[in-house]
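Asker: Here it is, the structure, as structure tokens.
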Amino acid sequence: MDDLQATPVDDGVLADRIVRSAIRAYRLHPFDEVDTAAVADTCGVTVDDVRRVFPSWDALLLVTYDRWVHLRGTGRSQPAACTVDHVRRSLAEDVADPGLVRLLAGVVNLASSECDFGELFRARFDEYVGEVAHGLEFDVVRGIEQLGIPAHQAATQLIAVYQGLQVQMLVRPYLDVLVEFDRMIRTVRAGWREQEPAPWDLDTAPVLG
């Protein structure tokens, strides 16, 4: 009987394992301690295996980011009641899984740089703003929200609250960010309901004299 030969792992299967292992590594370690060696160790493969499938570290980071963000919310038993509720649930999931927030904080640095993948990371943030804006527009149609400003501006403000509390969660772990979110949203929603003043037009303004 011939000796059994080890079957090579398909690169697609290996890539999936590496990405899942990268997520685990970011859950276990600070952002700056996760590198190719840490991912390889978590995955149980060699550093060369990781580099062969993902020759660029930023490429692995981008795929890991996309996979992790896609997984968020998949365990929810009920859909969110509105866009604000969706963002609040995301924040609650961040509290339970702070590794993702550490990854997001690290990605911000790359998105603000001129590295090869910087534009792709910036595109991810723009896409998120667009998704939130679309959700707010739908909430207006359903009578859940009242917006006196464009939905895109309201989305920017909502995300600023959310991401600001993500940072607070990392540096002030004793803070109840969900309580703070609820307080801030009451203020933000009150501002949304006010009509934005029209810009002052010097060409049509009356002349005082």
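Numbering starts fresh at 1 for the residues of each chain in the structure tokens, the chains themselves are lettered A, B, ... in the order given, and ligands are numbered from 1 as they appear.
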Excluding same-chain residues fewer than 6 positions from A:Val129, what lies within 12 Å of it counting only C-alpha atoms, as a VMD selection string?

Answerer: chain A and resid 83 87 122 to 123 135 to 136 151 to 160 162 to 163

Asker: For A:Met169, find every residue with an atom within 10 Å (counting only C-alpha atoms), except residues of its own chain fewer than 4 positions away, and show them as number ranges by chain.

Answerer: A: 91, 94-95, 98, 101, 163-165, 173-178

Asker: Residues of the last selection are to be written out with C-alpha atoms, as a PDB file, in the first residue's frame.

Answerer:
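What follows is the written file selection_14.pdb:
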ATOM      1  CA  LEU A  91     -21.311  50.222  19.066  1.00  0.00           C
ATOM      2  CA  ASP A  94     -17.709  46.951  19.456  1.00  0.00           C
ATOM      3  CA  VAL A  95     -17.836  46.916  23.256  1.00  0.00           C
ATOM      4  CA  PRO A  98     -12.878  45.655  20.878  1.00  0.00           C
ATOM      5  CA  VAL A 101     -12.092  48.859  16.985  1.00  0.00           C
ATOM      6  CA  GLN A 163     -16.452  56.794  15.865  1.00  0.00           C
ATOM      7  CA  GLY A 164     -15.658  59.326  18.575  1.00  0.00           C
ATOM      8  CA  LEU A 165     -17.112  56.957  21.149  1.00  0.00           C
ATOM      9  CA  PRO A 173     -12.554  51.677  29.139  1.00  0.00           C
ATOM     10  CA  TYR A 174     -14.508  52.589  32.264  1.00  0.00           C
ATOM     11  CA  LEU A 175     -16.854  54.822  30.222  1.00  0.00           C
ATOM     12  CA  ASP A 176     -20.325  53.500  29.389  1.00  0.00           C
ATOM     13  CA  VAL A 177     -20.274  54.496  25.745  1.00  0.00           C
ATOM     14  CA  LEU A 178     -23.843  53.293  25.119  1.00  0.00           C
TER      15      LEU A 178
END

Asker: Per residue of stretch 120-172 of chain A within 12 Å of stretch 63-78 of chain A, record the nearest atom pair and its distance in Å to one decimal, counting only C-alpha atoms, with rows in chain order and ascending residue number, as a tab-separated table.

Answerer:
residue	atom	partner	partner_atom	distance
A:Leu120	CA	A:Val63	CA	10.9
A:Phe121	CA	A:Tyr65	CA	9.3
A:Ala123	CA	A:Asp66	CA	11.8
A:Arg124	CA	A:Asp66	CA	8.6
A:Phe125	CA	A:Asp66	CA	11.3
A:Glu127	CA	A:Asp66	CA	11.9
A:Tyr128	CA	A:Val69	CA	10.5

Asker: Output C-alpha atoms for every residue in that selection, as a tab-separated table (two decimals), in the first residue's frame.

Answerer:
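What landed in part.tsv:
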chain	number	residue	atom	x	y	z
A	120	LEU	CA	-9.10	51.91	-1.07
A	121	PHE	CA	-9.39	52.42	2.68
A	123	ALA	CA	-13.31	54.46	-0.26
A	124	ARG	CA	-14.51	52.14	2.49
A	125	PHE	CA	-15.21	55.11	4.77
A	127	GLU	CA	-19.15	53.89	1.29
A	128	TYR	CA	-20.12	53.70	4.96

Asker: Please report the interatomic distance between atom CA of A:Leu61 and atom CA of A:Gly44 in Å with one decimal.

Answerer: 18.4 Å

Asker: Using only C-alpha atoms, which protein or nucleic acid residues come within 9 Å of A:Asp49? Drop anything in the same chain fewer than 4 positions from it, and give the result as an mmCIF file with C-alpha atoms, in the first residue's frame.

Answerer:
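out_15.cif written:
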data_model
loop_
_atom_site.group_PDB
_atom_site.id
_atom_site.type_symbol
_atom_site.label_atom_id
_atom_site.label_comp_id
_atom_site.auth_asym_id
_atom_site.auth_seq_id
_atom_site.Cartn_x
_atom_site.Cartn_y
_atom_site.Cartn_z
ATOM 1 C CA LEU A 14 -5.761 28.928 2.809
ATOM 2 C CA ALA A 40 0.993 32.740 10.745
ATOM 3 C CA VAL A 45 1.068 27.957 8.945
ATOM 4 C CA VAL A 53 -1.063 34.151 -0.474
ATOM 5 C CA PHE A 54 -0.888 37.806 0.606
#

Asker: Among chain A, which residues carry a DSSP assignment of helix (DSSP H, G or I), reported as a compact mmCIF listing (two decimals) with N, CA and C atoms, in the first residue's frame?

Answerer:
# COMPACT_ATOMS: atom_id res chain seq x y z
N ASP A 11 -5.15 27.47 -2.39
CA ASP A 11 -4.84 28.82 -1.95
C ASP A 11 -6.08 29.60 -1.53
N GLY A 12 -7.22 29.31 -2.16
CA GLY A 12 -8.44 29.99 -1.76
C GLY A 12 -8.86 29.60 -0.35
N VAL A 13 -8.75 28.32 -0.05
CA VAL A 13 -9.07 27.84 1.30
C VAL A 13 -8.07 28.40 2.30
N LEU A 14 -6.80 28.41 1.92
CA LEU A 14 -5.76 28.93 2.81
C LEU A 14 -5.96 30.42 3.06
N ALA A 15 -6.33 31.16 2.02
CA ALA A 15 -6.57 32.59 2.19
C ALA A 15 -7.68 32.84 3.19
N ASP A 16 -8.74 32.04 3.12
CA ASP A 16 -9.85 32.18 4.07
C ASP A 16 -9.37 31.90 5.49
N ARG A 17 -8.57 30.86 5.65
CA ARG A 17 -8.03 30.53 6.98
C ARG A 17 -7.16 31.66 7.52
N ILE A 18 -6.36 32.22 6.66
CA ILE A 18 -5.45 33.30 7.08
C ILE A 18 -6.24 34.52 7.51
N VAL A 19 -7.27 34.87 6.78
CA VAL A 19 -8.08 36.04 7.14
C VAL A 19 -8.78 35.80 8.48
N ARG A 20 -9.35 34.63 8.65
CA ARG A 20 -10.00 34.32 9.94
C ARG A 20 -8.98 34.34 11.07
N SER A 21 -7.78 33.90 10.80
CA SER A 21 -6.73 33.91 11.81
C SER A 21 -6.27 35.34 12.11
N ALA A 22 -6.26 36.19 11.09
CA ALA A 22 -5.92 37.60 11.31
C ALA A 22 -6.94 38.25 12.24
N ILE A 23 -8.20 37.94 12.06
CA ILE A 23 -9.23 38.47 12.95
C ILE A 23 -8.97 38.01 14.38
N ARG A 24 -8.66 36.73 14.54
CA ARG A 24 -8.37 36.22 15.89
C ARG A 24 -7.14 36.90 16.48
N ALA A 25 -6.13 37.13 15.66
CA ALA A 25 -4.91 37.77 16.15
C ALA A 25 -5.20 39.19 16.64
N TYR A 26 -6.03 39.93 15.91
CA TYR A 26 -6.38 41.29 16.34
C TYR A 26 -7.26 41.27 17.59
N ARG A 27 -7.98 40.20 17.80
CA ARG A 27 -8.75 40.09 19.03
C ARG A 27 -7.84 39.80 20.23
N LEU A 28 -6.74 39.12 19.97
CA LEU A 28 -5.85 38.70 21.05
C LEU A 28 -4.78 39.73 21.38
N PHE A 31 -2.98 46.34 18.15
CA PHE A 31 -2.83 46.49 16.70
C PHE A 31 -1.38 46.42 16.26
N ASP A 32 -0.49 47.11 16.98
CA ASP A 32 0.90 47.18 16.53
C ASP A 32 1.69 45.91 16.78
N GLU A 33 1.08 44.93 17.46
CA GLU A 33 1.76 43.66 17.70
C GLU A 33 1.34 42.57 16.71
N THR A 36 2.86 39.63 10.20
CA THR A 36 2.78 38.38 9.45
C THR A 36 3.08 37.17 10.33
N ALA A 37 4.07 37.31 11.22
CA ALA A 37 4.44 36.19 12.09
C ALA A 37 3.30 35.86 13.05
N ALA A 38 2.64 36.89 13.60
CA ALA A 38 1.54 36.66 14.54
C ALA A 38 0.37 35.96 13.84
N VAL A 39 0.08 36.38 12.63
CA VAL A 39 -1.02 35.76 11.88
C VAL A 39 -0.67 34.32 11.53
N ALA A 40 0.57 34.09 11.09
CA ALA A 40 0.99 32.74 10.74
C ALA A 40 0.91 31.82 11.96
N ASP A 41 1.34 32.32 13.12
CA ASP A 41 1.30 31.52 14.34
C ASP A 41 -0.13 31.18 14.73
N THR A 42 -1.02 32.17 14.61
CA THR A 42 -2.43 31.94 14.95
C THR A 42 -3.07 30.96 13.99
N CYS A 43 -2.64 31.02 12.73
CA CYS A 43 -3.23 30.16 11.70
C CYS A 43 -2.62 28.76 11.70
N VAL A 47 5.26 31.65 7.89
CA VAL A 47 5.26 33.04 7.42
C VAL A 47 5.29 33.07 5.90
N ASP A 48 6.04 32.15 5.30
CA ASP A 48 6.10 32.09 3.84
C ASP A 48 4.74 31.79 3.23
N ASP A 49 3.94 30.94 3.92
CA ASP A 49 2.59 30.65 3.42
C ASP A 49 1.75 31.92 3.38
N VAL A 50 1.82 32.71 4.45
CA VAL A 50 1.04 33.95 4.51
C VAL A 50 1.49 34.90 3.42
N ARG A 51 2.80 35.05 3.25
CA ARG A 51 3.33 35.99 2.26
C ARG A 51 3.09 35.52 0.83
N ARG A 52 2.99 34.22 0.65
CA ARG A 52 2.71 33.73 -0.69
C ARG A 52 1.28 34.06 -1.10
N VAL A 53 0.34 33.88 -0.17
CA VAL A 53 -1.06 34.15 -0.47
C VAL A 53 -1.36 35.64 -0.44
N TRP A 57 1.15 43.20 2.92
CA TRP A 57 0.50 43.22 4.23
C TRP A 57 -0.76 44.07 4.20
N ASP A 58 -0.72 45.22 3.49
CA ASP A 58 -1.89 46.08 3.41
C ASP A 58 -3.05 45.37 2.72
N ALA A 59 -2.75 44.50 1.76
CA ALA A 59 -3.81 43.73 1.11
C ALA A 59 -4.50 42.80 2.10
N LEU A 60 -3.72 42.13 2.94
CA LEU A 60 -4.29 41.27 3.97
C LEU A 60 -5.11 42.10 4.95
N LEU A 61 -4.61 43.27 5.31
CA LEU A 61 -5.32 44.13 6.24
C LEU A 61 -6.66 44.57 5.65
N LEU A 62 -6.67 44.91 4.37
CA LEU A 62 -7.91 45.35 3.73
C LEU A 62 -8.93 44.22 3.67
N VAL A 63 -8.49 43.03 3.30
CA VAL A 63 -9.41 41.89 3.23
C VAL A 63 -9.93 41.54 4.62
N THR A 64 -9.04 41.60 5.62
CA THR A 64 -9.46 41.33 7.00
C THR A 64 -10.49 42.34 7.47
N TYR A 65 -10.23 43.60 7.17
CA TYR A 65 -11.18 44.68 7.52
C TYR A 65 -12.54 44.42 6.88
N ASP A 66 -12.55 44.14 5.58
CA ASP A 66 -13.81 43.90 4.87
C ASP A 66 -14.55 42.70 5.45
N ARG A 67 -13.83 41.61 5.73
CA ARG A 67 -14.48 40.41 6.26
C ARG A 67 -15.08 40.69 7.64
N TRP A 68 -14.32 41.37 8.49
CA TRP A 68 -14.77 41.62 9.85
C TRP A 68 -15.99 42.53 9.86
N VAL A 69 -15.95 43.58 9.06
CA VAL A 69 -17.09 44.49 8.99
C VAL A 69 -18.32 43.75 8.46
N HIS A 70 -18.12 42.88 7.48
CA HIS A 70 -19.23 42.11 6.93
C HIS A 70 -19.84 41.19 7.99
N LEU A 71 -19.02 40.66 8.88
CA LEU A 71 -19.51 39.73 9.90
C LEU A 71 -20.31 40.44 10.99
N THR A 83 -31.87 53.56 11.44
CA THR A 83 -30.43 53.69 11.21
C THR A 83 -29.69 54.02 12.50
N VAL A 84 -30.25 54.89 13.32
CA VAL A 84 -29.60 55.22 14.60
C VAL A 84 -29.50 53.97 15.46
N ASP A 85 -30.56 53.16 15.47
CA ASP A 85 -30.53 51.92 16.24
C ASP A 85 -29.48 50.97 15.69
N HIS A 86 -29.33 50.93 14.37
CA HIS A 86 -28.30 50.09 13.75
C HIS A 86 -26.91 50.51 14.21
N VAL A 87 -26.64 51.81 14.21
CA VAL A 87 -25.34 52.30 14.63
C VAL A 87 -25.12 52.02 16.12
N ARG A 88 -26.15 52.17 16.92
CA ARG A 88 -26.03 51.88 18.36
C ARG A 88 -25.71 50.40 18.59
N ARG A 89 -26.35 49.52 17.83
CA ARG A 89 -26.07 48.09 17.98
C ARG A 89 -24.63 47.79 17.55
N SER A 90 -24.15 48.49 16.53
CA SER A 90 -22.76 48.31 16.12
C SER A 90 -21.82 48.70 17.25
N LEU A 91 -22.13 49.79 17.94
CA LEU A 91 -21.31 50.22 19.07
C LEU A 91 -21.34 49.18 20.19
N ALA A 92 -22.51 48.60 20.45
CA ALA A 92 -22.61 47.56 21.47
C ALA A 92 -21.77 46.34 21.08
N GLU A 93 -21.75 46.01 19.79
CA GLU A 93 -20.91 44.90 19.33
C GLU A 93 -19.43 45.24 19.45
N ASP A 94 -19.10 46.52 19.27
CA ASP A 94 -17.71 46.95 19.46
C ASP A 94 -17.27 46.76 20.90
N VAL A 95 -18.16 47.08 21.84
CA VAL A 95 -17.84 46.92 23.26
C VAL A 95 -17.53 45.45 23.55
N ALA A 96 -18.29 44.56 22.93
CA ALA A 96 -18.09 43.12 23.15
C ALA A 96 -16.91 42.57 22.35
N PRO A 98 -13.70 44.45 21.10
CA PRO A 98 -12.88 45.66 20.88
C PRO A 98 -11.72 45.47 19.90
N GLY A 99 -11.40 44.24 19.57
CA GLY A 99 -10.34 44.02 18.60
C GLY A 99 -10.62 44.68 17.27
N LEU A 100 -11.89 44.67 16.85
CA LEU A 100 -12.25 45.32 15.60
C LEU A 100 -12.01 46.83 15.68
N VAL A 101 -12.31 47.42 16.82
CA VAL A 101 -12.09 48.86 16.99
C VAL A 101 -10.61 49.19 16.90
N ARG A 102 -9.77 48.34 17.47
CA ARG A 102 -8.33 48.55 17.36
C ARG A 102 -7.89 48.48 15.89
N LEU A 103 -8.48 47.55 15.15
CA LEU A 103 -8.17 47.45 13.73
C LEU A 103 -8.64 48.69 12.99
N LEU A 104 -9.84 49.15 13.28
CA LEU A 104 -10.37 50.34 12.63
C LEU A 104 -9.49 51.56 12.92
N ALA A 105 -9.03 51.67 14.17
CA ALA A 105 -8.17 52.80 14.53
C ALA A 105 -6.87 52.76 13.73
N GLY A 106 -6.33 51.58 13.53
CA GLY A 106 -5.12 51.45 12.74
C GLY A 106 -5.36 51.74 11.27
N VAL A 107 -6.51 51.35 10.77
CA VAL A 107 -6.84 51.58 9.37
C VAL A 107 -6.97 53.07 9.07
N VAL A 108 -7.43 53.85 10.06
CA VAL A 108 -7.55 55.30 9.86
C VAL A 108 -6.21 55.90 9.45
N ASN A 109 -5.14 55.46 10.09
CA ASN A 109 -3.81 55.97 9.74
C ASN A 109 -3.46 55.65 8.29
N LEU A 110 -3.79 54.45 7.85
CA LEU A 110 -3.50 54.08 6.47
C LEU A 110 -4.39 54.86 5.49
N ALA A 111 -5.66 55.06 5.87
CA ALA A 111 -6.58 55.77 4.99
C ALA A 111 -6.17 57.23 4.80
N GLY A 118 -4.14 53.33 0.48
CA GLY A 118 -4.81 54.43 1.17
C GLY A 118 -6.13 54.81 0.53
N GLU A 119 -6.14 54.88 -0.80
CA GLU A 119 -7.36 55.26 -1.51
C GLU A 119 -8.46 54.22 -1.31
N LEU A 120 -8.10 52.95 -1.28
CA LEU A 120 -9.10 51.91 -1.07
C LEU A 120 -9.71 51.99 0.33
N PHE A 121 -8.86 52.27 1.33
CA PHE A 121 -9.39 52.42 2.68
C PHE A 121 -10.29 53.64 2.78
N ARG A 122 -9.90 54.74 2.10
CA ARG A 122 -10.75 55.94 2.12
C ARG A 122 -12.09 55.65 1.45
N ALA A 123 -12.07 54.83 0.42
CA ALA A 123 -13.31 54.46 -0.26
C ALA A 123 -14.24 53.70 0.68
N ARG A 124 -13.67 52.88 1.55
CA ARG A 124 -14.51 52.14 2.49
C ARG A 124 -15.25 53.10 3.42
N PHE A 125 -14.57 54.14 3.89
CA PHE A 125 -15.21 55.11 4.77
C PHE A 125 -16.29 55.88 4.02
N ASP A 126 -16.02 56.26 2.77
CA ASP A 126 -17.03 56.97 1.99
C ASP A 126 -18.25 56.10 1.75
N GLU A 127 -18.03 54.82 1.50
CA GLU A 127 -19.15 53.89 1.29
C GLU A 127 -20.01 53.80 2.55
N TYR A 128 -19.36 53.80 3.71
CA TYR A 128 -20.12 53.70 4.96
C TYR A 128 -20.97 54.93 5.17
N VAL A 129 -20.41 56.10 4.90
CA VAL A 129 -21.20 57.34 5.02
C VAL A 129 -22.40 57.28 4.08
N GLY A 130 -22.18 56.80 2.86
CA GLY A 130 -23.28 56.69 1.91
C GLY A 130 -24.37 55.73 2.38
N GLU A 131 -23.97 54.61 2.97
CA GLU A 131 -24.95 53.65 3.48
C GLU A 131 -25.77 54.25 4.62
N VAL A 132 -25.11 54.96 5.52
CA VAL A 132 -25.83 55.58 6.65
C VAL A 132 -26.76 56.68 6.13
N ALA A 133 -26.29 57.47 5.17
CA ALA A 133 -27.13 58.53 4.60
C ALA A 133 -28.38 57.93 3.94
N HIS A 134 -28.20 56.85 3.19
CA HIS A 134 -29.34 56.19 2.56
C HIS A 134 -30.31 55.67 3.61
N GLY A 135 -29.78 55.12 4.70
CA GLY A 135 -30.65 54.63 5.76
C GLY A 135 -31.44 55.75 6.41
N LEU A 136 -30.81 56.90 6.61
CA LEU A 136 -31.52 58.05 7.20
C LEU A 136 -32.61 58.56 6.27
N GLU A 137 -32.32 58.58 4.97
CA GLU A 137 -33.34 59.00 4.00
C GLU A 137 -34.55 58.08 4.07
N PHE A 138 -34.31 56.79 4.18
CA PHE A 138 -35.40 55.82 4.29
C PHE A 138 -36.18 56.03 5.58
N ASP A 139 -35.47 56.37 6.66
CA ASP A 139 -36.13 56.63 7.94
C ASP A 139 -37.02 57.87 7.86
N VAL A 140 -36.60 58.86 7.09
CA VAL A 140 -37.43 60.06 6.89
C VAL A 140 -38.72 59.68 6.17
N VAL A 141 -38.59 58.86 5.15
CA VAL A 141 -39.78 58.42 4.40
C VAL A 141 -40.74 57.67 5.31
N ALA A 151 -29.26 64.52 4.15
CA ALA A 151 -28.99 63.24 4.83
C ALA A 151 -27.50 62.95 4.92
N HIS A 152 -26.74 63.37 3.93
CA HIS A 152 -25.30 63.11 3.93
C HIS A 152 -24.63 63.84 5.10
N GLN A 153 -25.09 65.06 5.40
CA GLN A 153 -24.55 65.79 6.55
C GLN A 153 -24.95 65.12 7.86
N ALA A 154 -26.20 64.70 7.93
CA ALA A 154 -26.67 64.02 9.14
C ALA A 154 -25.89 62.73 9.35
N ALA A 155 -25.60 62.01 8.27
CA ALA A 155 -24.81 60.77 8.38
C ALA A 155 -23.41 61.06 8.89
N THR A 156 -22.81 62.14 8.41
CA THR A 156 -21.48 62.52 8.87
C THR A 156 -21.49 62.79 10.37
N GLN A 157 -22.51 63.47 10.85
CA GLN A 157 -22.61 63.77 12.28
C GLN A 157 -22.82 62.50 13.09
N LEU A 158 -23.70 61.62 12.61
CA LEU A 158 -23.97 60.37 13.34
C LEU A 158 -22.71 59.52 13.43
N ILE A 159 -21.98 59.43 12.33
CA ILE A 159 -20.76 58.63 12.33
C ILE A 159 -19.69 59.27 13.20
N ALA A 160 -19.66 60.61 13.26
CA ALA A 160 -18.71 61.29 14.13
C ALA A 160 -18.96 60.94 15.59
N VAL A 161 -20.24 60.87 15.97
CA VAL A 161 -20.58 60.45 17.34
C VAL A 161 -20.13 59.01 17.58
N TYR A 162 -20.45 58.15 16.64
CA TYR A 162 -20.13 56.73 16.76
C TYR A 162 -18.62 56.49 16.84
N GLN A 163 -17.88 57.05 15.89
CA GLN A 163 -16.45 56.79 15.86
C GLN A 163 -15.73 57.51 17.00
N GLY A 164 -16.25 58.66 17.42
CA GLY A 164 -15.66 59.33 18.58
C GLY A 164 -15.78 58.48 19.83
N LEU A 165 -16.92 57.82 19.99
CA LEU A 165 -17.11 56.96 21.15
C LEU A 165 -16.30 55.68 21.03
N GLN A 166 -16.03 55.24 19.81
CA GLN A 166 -15.13 54.10 19.64
C GLN A 166 -13.75 54.43 20.22
N VAL A 167 -13.25 55.61 19.91
CA VAL A 167 -11.95 56.03 20.44
C VAL A 167 -12.02 56.13 21.96
N GLN A 168 -13.09 56.74 22.48
CA GLN A 168 -13.24 56.87 23.92
C GLN A 168 -13.25 55.51 24.60
N MET A 169 -13.86 54.54 23.93
CA MET A 169 -13.93 53.19 24.49
C MET A 169 -12.55 52.59 24.68
N LEU A 170 -11.65 52.90 23.74
CA LEU A 170 -10.30 52.34 23.82
C LEU A 170 -9.47 53.01 24.89
N VAL A 171 -9.59 54.33 25.01
CA VAL A 171 -8.71 55.07 25.92
C VAL A 171 -9.35 55.29 27.29
N VAL A 177 -20.11 53.77 27.00
CA VAL A 177 -20.27 54.50 25.75
C VAL A 177 -21.70 54.41 25.21
N LEU A 178 -22.46 53.39 25.57
CA LEU A 178 -23.84 53.29 25.12
C LEU A 178 -24.71 54.35 25.79
N VAL A 179 -24.48 54.60 27.07
CA VAL A 179 -25.19 55.67 27.76
C VAL A 179 -24.85 57.01 27.13
N GLU A 180 -23.56 57.22 26.86
CA GLU A 180 -23.14 58.48 26.25
C GLU A 180 -23.71 58.62 24.84
N PHE A 181 -23.80 57.52 24.11
CA PHE A 181 -24.38 57.56 22.78
C PHE A 181 -25.82 58.04 22.84
N ASP A 182 -26.60 57.49 23.77
CA ASP A 182 -28.01 57.87 23.89
C ASP A 182 -28.14 59.36 24.24
N ARG A 183 -27.28 59.86 25.12
CA ARG A 183 -27.32 61.27 25.47
C ARG A 183 -27.00 62.15 24.27
N MET A 184 -25.96 61.78 23.54
CA MET A 184 -25.53 62.59 22.41
C MET A 184 -26.53 62.55 21.27
N ILE A 185 -27.17 61.41 21.07
CA ILE A 185 -28.13 61.29 19.98
C ILE A 185 -29.35 62.16 20.22
N ARG A 186 -29.75 62.32 21.48
CA ARG A 186 -30.88 63.21 21.75
C ARG A 186 -30.56 64.63 21.29
N THR A 187 -29.34 65.07 21.53
CA THR A 187 -28.92 66.40 21.10
C THR A 187 -28.81 66.48 19.59
N VAL A 188 -28.21 65.45 19.00
CA VAL A 188 -28.03 65.43 17.55
C VAL A 188 -29.38 65.44 16.83
N ARG A 189 -30.31 64.64 17.31
CA ARG A 189 -31.62 64.58 16.66
C ARG A 189 -32.36 65.92 16.76
N ALA A 190 -32.21 66.60 17.90
CA ALA A 190 -32.83 67.91 18.04
C ALA A 190 -32.26 68.88 17.01
N GLY A 191 -30.97 68.78 16.75
CA GLY A 191 -30.36 69.63 15.73
C GLY A 191 -30.80 69.26 14.33
N TRP A 192 -31.00 67.97 14.09
CA TRP A 192 -31.46 67.54 12.77
C TRP A 192 -32.81 68.14 12.41
N ARG A 193 -33.67 68.33 13.40
CA ARG A 193 -35.03 68.78 13.13
C ARG A 193 -35.08 70.27 12.76
